[in-house]
Structure formats: structure tokens, C-alpha cells
Amino acid sequence: MAFDRNQPYNDLPLLPPPHDLESKAVLKQAIGANRALANLRGLAGQIPNQSMLISSITLQEARLSSEIENIVTTNDELYRADADADGKTDPHTKEVLRYRQALQHGFSALHERPLTTNLFVEIAQLIKQSEIGIRAIPGTALKNETGDVVYTPPVGDKVIRDKLSNLELFIHADDGVDPLVKMAVMHYQFEAIHPFPDGNGRTGRILNLLYLVQAGLMDIPVLFLSRYIIANKRDYYLGLQKVTEQQDWENWVLFMLRAVESTAQQTFEQVKRILKLMEDVREKVQREAPGIYSKDLIEVIFRHPYTKIQFLVDANIAKRQTSSGYLQTLAALEVLRAQQIGREKYFINDALLAELAR
């Protein structure tokens with residue numbers, strides 16, 4: 001049956017596609033993408049405490065992925081809200097924080113179980129903070145900026161679940177396909193199935209990162225794929241559309257491979273700059289305030305741009321009064337900047353905040 005964008009695409013072909021996914025151009029691009037990703041993985045392993053990468057850097061991926069869905073917040077508001085546990089912030093910032101929570105949940109789950117439809121559902125539920133499930137009601141249609149329908153996803157619980165089961169089989173098949181190529185195919189298929197009433201884009205982008213971890217290409221889900229998608233938004237959606245309408249898999253896979261290579265290189269450079277910042281601060285504190293210096297203290301103030309006294313207490317660095325003195329000393333050294341916001345006093349690592357916002 002010919003594709004009709006106004007009719008549910010229940011004939012969405014199952015995977016694997018009946019096409020050569022690994023053309024000469026794709027294999028050539030895959031070499032560069034795999035190399036860039038391996039370099040990032042190696043450098044990320046040098047971070048003394050990888051919780052810093054998971055908590056702060058992945059928040060940038062959360063912000064950018066949400067921005068694709070027109071959920072916009074500022075870096076300052078985002079990191080300040082993340083430093084507080086009271087939940088008092090604007091709705092957009094809360095949605096971005098939920099994205100990071102969903103990513104962390106998925107990452108933790110991979111230690112016990114592989115990617116499955118159940119995990120997809122859990123991630124979507126965390127993003128939307130609701131008991132969202134597989135779409136049961138027809139009428140979903142994706143529209144462009146002028147309101148024209150560009151795609152109508154499959155309908156029917158059984159149809160959608162069958163296609164998700166097929167997607168699972170493809171993800172876990174030992175078929176020799178380059179994992180980055182498989183990720184590109186997986187991403188298209190998930191977005192084409194569009195299994196949830198809302199949150200599909202963000203869920204799909206989280207699954208990209210989790211798949212790279214599951215495939216052993218990353219140890220932690222640190223890759224700003226959303227940055228590339230935002231910069232090339234038109235090509236991203238056009239690529240998805242051309243797979244649907246023309247089965248143009250090669251150009252879609254090439255787009256995703258370029259996204260991996262570009263963002264892996266950018267993230268590599270960013271992590272390298274953060275490591276340099278940490279080393280410079282470590283040397284300065286050790287030289288100018290040796291009485292308060294400890295490796296753990298430096299790690300805590302680089303775990304998050306907004307540090308509070310309680311963070312040092314929770315890390316067992318010192319009791320509250322002593323921790324306060326440590327942070328005041330770091331502010332006097334201009335390593336941190338003290339700022340009172342309401343009842344809370346923050347010690348802001350401006351250099352880290354600026355780096356994360358680049």
C-alpha cells in the first residue's frame with residue numbers, strides 16, 4: 001500500500017529494512033564516528049568522579065533535547081533548581097529535570113536488564129510524570145509549522161506493540177551491523193511507531209544514549225546528540241520523512257553518524273576543558289589554601305555549578321560550620337562566588353557554569 005501521510009501508517013515496514021544499510025559511504029562515515037566516540041569514552045574515564053558528568057553534563061543534553069520540543073529554560077535557572085530539592089521552579093525547568101531523571105533511571109536499569117518496551121514506557125512516564133502508556137486512542141497526527149499533516153503513526157494497541165516487539169528483536173539481534181548504524185535505524189523506527197500520546201521525541205533521544213551504553217560504545221550516557229539536531233533541525237525532520245516516503249535509509253544513517261561524530265568531538269573538547277579547569281583549581285587551592293585542600297573538596301565543587309554547604313556535609317568532607325568556612329575560603333580565592341538567593345546561600349562555580357553553557 002502506498003504511503004498516505006493522512007492515514008495511519010499501520011504498514012510501517014518491520015526491521016531490518018530490505019536495504020543495504022552499510023553502503024561504502026556509510027561504512028566510511030562510521031569509522032570517523034566510532035573513533036570520535038571511542039576518544040570521548042576514554043577521556044570520560046579520566047574524570048575522577050563520573051557522577052559529575054552524569055549530574056551536570058547530562059543536564060545539558062536534557063535541556064537541549066527538551067528545547068527541540070519548545071520546552072525552554074535558562075542554564076542558570078536549570079542548575080539552581082537542580083541544586084534545590086524543594087521543587088520550586090517554573091514548569092519548563094521541571095520538565096527538563098524530569099528528562100534527566102528519566103535518563104538516569106534508564107541508565108541504572110541497564111545494569112539489570114536490556115532495552116525493552118517496558119523500559120521505554122517507564123522512561124516516558126518519568127518524562128511526563130503520568131501513567132502514560134501505549135497509545136490506545138486514534139487521531140494522533142504529526143503536523144508541520146503551517147498545520148499540515150506530515151505523518152500519521154500506526155494505531156491500535158496490538159499493531160503498536162507488535163512493531164515495538166520487532167524493534168526489540170532488531171536491537172538485540174546479533175547480526176553484525178555496526179552499532180551506530182543500528183542506533184540510527186532504531187531511532188527512526190521508534191519515532192515512526194510513535195508509541196506514546198506525548199514524549200516520544202525525548203524518549204527516543206534517551207534511547208539513543210542508552211543503546212550506545214548497552215552496545216558498549218559508552219560507559220556513561222554523555223553525548224549531546226540534541227545539540228546537533230537543533231543545529232540541523234530541518235535536515236533531521238527531512239531525513240525522517242524521506243525514510244518514510246522514499247525508504248532513503250542511506251542519507252538518514254549518514255545524518256545520524258555525522259551527528260555522533262560531531263557531538264562526540266564537541267563533548268570530548270568540553271570534558272577536556274573541564275578537566276583542565278579542575279586541575280587549575282586543584283593547584284590553586286593546594287598552593288594558596290593548603291589547610292582546606294582535599295581531592296574530595298575539588299570534586300564536590302565541580303560536581304555541580306551551584307554548591308551548597310550541605311553538599312560538603314553530605315560528602316563527609318566536614319561538618320556544617322567547617323564546610324561553610326571552606327566555601328568562604330574558596331570564595332575569597334575567587335574560585336567560587338557566594339550569592340544569597342532568598343534563604344539559600346550558594347557558592348557558584350562560574351567557570352564551570354560558563355563551560356557547561358558553551
# chains A, B, ... in the order shown; residues from 1 in each chain; ligands from 1
>>> select_by_dssp(residues="region 119-227 of chain A", states="alpha helix (DSSP H)", output="compact mmCIF listing (two decimals) with N, CA and C atoms, in the first residue's frame")
# COMPACT_ATOMS: atom_id res chain seq x y z
N LEU A 119 10.77 -0.81 29.54
CA LEU A 119 11.66 0.28 29.93
C LEU A 119 11.32 1.55 29.14
N PHE A 120 10.94 1.40 27.87
CA PHE A 120 10.50 2.57 27.09
C PHE A 120 9.35 3.27 27.82
N VAL A 121 8.40 2.46 28.29
CA VAL A 121 7.22 3.01 28.98
C VAL A 121 7.63 3.73 30.26
N GLU A 122 8.53 3.12 31.03
CA GLU A 122 8.99 3.74 32.28
C GLU A 122 9.64 5.09 32.01
N ILE A 123 10.43 5.17 30.97
CA ILE A 123 11.11 6.43 30.63
C ILE A 123 10.09 7.49 30.25
N ALA A 124 9.12 7.13 29.42
CA ALA A 124 8.09 8.09 29.01
C ALA A 124 7.27 8.55 30.22
N GLN A 125 6.98 7.64 31.13
CA GLN A 125 6.21 8.01 32.31
C GLN A 125 6.97 8.99 33.20
N LEU A 126 8.28 8.80 33.33
CA LEU A 126 9.07 9.73 34.12
C LEU A 126 9.13 11.10 33.46
N ILE A 127 9.27 11.13 32.14
CA ILE A 127 9.31 12.41 31.43
C ILE A 127 8.01 13.18 31.62
N LYS A 128 6.91 12.47 31.50
CA LYS A 128 5.60 13.13 31.56
C LYS A 128 5.00 13.15 32.96
N ASP A 157 -3.53 -0.86 19.71
CA ASP A 157 -2.60 -1.36 20.71
C ASP A 157 -1.78 -2.55 20.19
N LYS A 158 -2.45 -3.51 19.55
CA LYS A 158 -1.73 -4.70 19.07
C LYS A 158 -0.75 -4.34 17.96
N VAL A 159 -1.16 -3.49 17.05
CA VAL A 159 -0.27 -3.07 15.96
C VAL A 159 0.99 -2.42 16.52
N ILE A 160 0.81 -1.49 17.45
CA ILE A 160 1.94 -0.75 18.01
C ILE A 160 2.84 -1.70 18.80
N ARG A 161 2.24 -2.58 19.61
CA ARG A 161 3.05 -3.49 20.42
C ARG A 161 3.81 -4.50 19.54
N ASP A 162 3.19 -4.94 18.46
CA ASP A 162 3.89 -5.86 17.55
C ASP A 162 5.11 -5.18 16.92
N LYS A 163 4.95 -3.91 16.57
CA LYS A 163 6.07 -3.20 15.96
C LYS A 163 7.16 -2.91 16.99
N LEU A 164 6.77 -2.66 18.24
CA LEU A 164 7.76 -2.48 19.29
C LEU A 164 8.49 -3.79 19.58
N SER A 165 7.78 -4.91 19.54
CA SER A 165 8.43 -6.22 19.74
C SER A 165 9.44 -6.49 18.64
N ASN A 166 9.08 -6.14 17.42
CA ASN A 166 10.01 -6.28 16.31
C ASN A 166 11.23 -5.37 16.50
N LEU A 167 11.00 -4.16 17.01
CA LEU A 167 12.11 -3.24 17.28
C LEU A 167 13.04 -3.84 18.33
N GLU A 168 12.48 -4.44 19.37
CA GLU A 168 13.31 -5.10 20.38
C GLU A 168 14.18 -6.19 19.76
N LEU A 169 13.58 -7.01 18.92
CA LEU A 169 14.33 -8.09 18.28
C LEU A 169 15.49 -7.52 17.46
N PHE A 170 15.23 -6.43 16.76
CA PHE A 170 16.27 -5.80 15.94
C PHE A 170 17.39 -5.26 16.82
N ILE A 171 17.03 -4.60 17.93
CA ILE A 171 18.03 -4.02 18.83
C ILE A 171 18.97 -5.10 19.35
N HIS A 172 18.42 -6.26 19.69
CA HIS A 172 19.22 -7.29 20.36
C HIS A 172 19.77 -8.36 19.41
N PRO A 179 26.98 -0.98 15.45
CA PRO A 179 26.02 -0.46 16.43
C PRO A 179 25.55 0.96 16.16
N LEU A 180 26.42 1.80 15.61
CA LEU A 180 25.99 3.18 15.32
C LEU A 180 24.97 3.20 14.18
N VAL A 181 25.14 2.33 13.22
CA VAL A 181 24.17 2.21 12.13
C VAL A 181 22.84 1.70 12.72
N LYS A 182 22.95 0.73 13.60
CA LYS A 182 21.74 0.16 14.23
C LYS A 182 21.03 1.22 15.06
N MET A 183 21.79 2.07 15.74
CA MET A 183 21.17 3.14 16.53
C MET A 183 20.36 4.07 15.63
N ALA A 184 20.90 4.40 14.46
CA ALA A 184 20.19 5.29 13.54
C ALA A 184 18.88 4.67 13.08
N VAL A 185 18.92 3.38 12.75
CA VAL A 185 17.71 2.67 12.31
C VAL A 185 16.71 2.59 13.46
N MET A 186 17.21 2.25 14.64
CA MET A 186 16.37 2.15 15.83
C MET A 186 15.65 3.47 16.10
N HIS A 187 16.39 4.57 15.97
CA HIS A 187 15.80 5.88 16.27
C HIS A 187 14.67 6.20 15.30
N TYR A 188 14.92 5.95 14.01
CA TYR A 188 13.84 6.20 13.04
C TYR A 188 12.61 5.37 13.39
N GLN A 189 12.83 4.08 13.63
CA GLN A 189 11.69 3.18 13.82
C GLN A 189 10.87 3.55 15.06
N PHE A 190 11.57 3.93 16.13
CA PHE A 190 10.84 4.32 17.34
C PHE A 190 10.00 5.56 17.08
N GLU A 191 10.60 6.55 16.41
CA GLU A 191 9.85 7.78 16.13
C GLU A 191 8.69 7.51 15.17
N ALA A 192 8.88 6.57 14.23
CA ALA A 192 7.81 6.25 13.29
C ALA A 192 6.67 5.49 13.98
N ILE A 193 7.01 4.61 14.90
CA ILE A 193 5.97 3.91 15.67
C ILE A 193 5.22 4.91 16.53
N ASN A 200 7.39 11.28 22.87
CA ASN A 200 8.10 10.33 22.02
C ASN A 200 9.48 10.82 21.61
N GLY A 201 9.58 12.11 21.27
CA GLY A 201 10.87 12.64 20.82
C GLY A 201 11.93 12.53 21.90
N ARG A 202 11.56 12.96 23.11
CA ARG A 202 12.52 12.92 24.21
C ARG A 202 12.84 11.48 24.62
N THR A 203 11.82 10.63 24.64
CA THR A 203 12.07 9.22 24.95
C THR A 203 13.02 8.60 23.91
N GLY A 204 12.78 8.89 22.65
CA GLY A 204 13.62 8.34 21.59
C GLY A 204 15.06 8.80 21.69
N ARG A 205 15.27 10.05 22.08
CA ARG A 205 16.65 10.55 22.19
C ARG A 205 17.36 9.96 23.41
N ILE A 206 16.61 9.67 24.47
CA ILE A 206 17.19 8.97 25.61
C ILE A 206 17.59 7.56 25.19
N LEU A 207 16.74 6.91 24.41
CA LEU A 207 17.04 5.53 23.98
C LEU A 207 18.31 5.48 23.14
N ASN A 208 18.57 6.52 22.36
CA ASN A 208 19.83 6.57 21.60
C ASN A 208 21.02 6.41 22.54
N LEU A 209 21.05 7.20 23.60
CA LEU A 209 22.17 7.18 24.53
C LEU A 209 22.24 5.85 25.28
N LEU A 210 21.09 5.34 25.69
CA LEU A 210 21.09 4.07 26.41
C LEU A 210 21.55 2.93 25.51
N TYR A 211 21.19 2.99 24.24
CA TYR A 211 21.64 1.94 23.33
C TYR A 211 23.17 1.97 23.18
N LEU A 212 23.74 3.17 23.10
CA LEU A 212 25.19 3.26 22.98
C LEU A 212 25.88 2.67 24.22
N VAL A 213 25.28 2.86 25.38
CA VAL A 213 25.82 2.24 26.60
C VAL A 213 25.66 0.73 26.54
N GLN A 214 24.46 0.27 26.16
CA GLN A 214 24.22 -1.17 26.08
C GLN A 214 25.14 -1.84 25.08
N LEU A 225 23.75 14.66 21.48
CA LEU A 225 23.17 14.50 20.14
C LEU A 225 22.13 15.58 19.85
N SER A 226 21.44 16.04 20.89
CA SER A 226 20.40 17.05 20.68
C SER A 226 20.97 18.36 20.18
N ARG A 227 22.21 18.65 20.54
CA ARG A 227 22.85 19.88 20.06
C ARG A 227 22.94 19.86 18.54
>>> closest_residue(among="A:Gly139, A:Val260, A:His111, A:Asn251", to="Pro8 (chain A)", atoms="only C-alpha atoms")
A:Gly139
>>> closest_atom_pairs(of="region 114-167 of chain A", to="region 229-242 of chain A", cutoff="12 Å", atoms="only C-alpha atoms", output="Markdown table")
| residue | atom | partner | partner_atom | distance |
| --- | --- | --- | --- | --- |
| A:Leu142 | CA | A:Gln241 | CA | 11.2 |
| A:Lys143 | CA | A:Tyr237 | CA | 11.4 |
| A:Asn144 | CA | A:Tyr237 | CA | 9.9 |
| A:Glu145 | CA | A:Arg234 | CA | 11.5 |
| A:Val149 | CA | A:Gln241 | CA | 11.8 |
| A:Val150 | CA | A:Gln241 | CA | 8.0 |
| A:Tyr151 | CA | A:Gln241 | CA | 8.1 |
| A:Thr152 | CA | A:Gln241 | CA | 11.5 |
>>> closest_residue(among="A:Glu131, A:Glu355, A:Asp11, A:Glu95", to="Asn70 (chain A)", atoms="only C-alpha atoms")
A:Glu95
>>> residues_around(residues="Tyr346 (chain A)", least_positions_apart="6", cutoff="7 Å", atoms="only C-alpha atoms", output="number ranges by chain")
A: 306-308, 338-340
>>> closest_residue(among="A:Arg100, A:Lys319, A:Lys272, A:His194", to="Leu40 (chain A)", atoms="only C-alpha atoms")
A:Lys272
>>> atom_distance(atom1="CA of Asp296 (chain A)", atom2="CA of Arg337 (chain A)")
19.2 Å
>>> select_by_dssp(residues="region 142-205 of chain A", states="strand (DSSP E or B)", output="number ranges by chain")
A: 142-143, 149-151
>>> closest_residue(among="A:Thr244, A:Ser108, A:Gly176, A:Asn75", to="Pro13 (chain A)", atoms="only C-alpha atoms")
A:Thr244
>>> atom_distance(atom1="CA of Gln266 (chain A)", atom2="CA of Lys94 (chain A)")
26.5 Å
>>> residues_around(residues="region 297-305 of chain A", least_positions_apart="4", cutoff="6 Å", atoms="only C-alpha atoms", output="NGL selection string")
:A and (52 or 56 or 348-349 or 352-353)
>>> residues_around(residues="Ile137 (chain A)", least_positions_apart="2", cutoff="9 Å", atoms="only C-alpha atoms", output="VMD selection string")
chain A and resid 135 139 to 140 155 to 157 197
>>> closest_residue(among="A:Val281, A:Leu12, A:Val222, A:Ile292", to="Glu61 (chain A)", atoms="only C-alpha atoms")
A:Val222
>>> atom_distance(atom1="CA of Leu59 (chain A)", atom2="CA of Val96 (chain A)")
7.8 Å
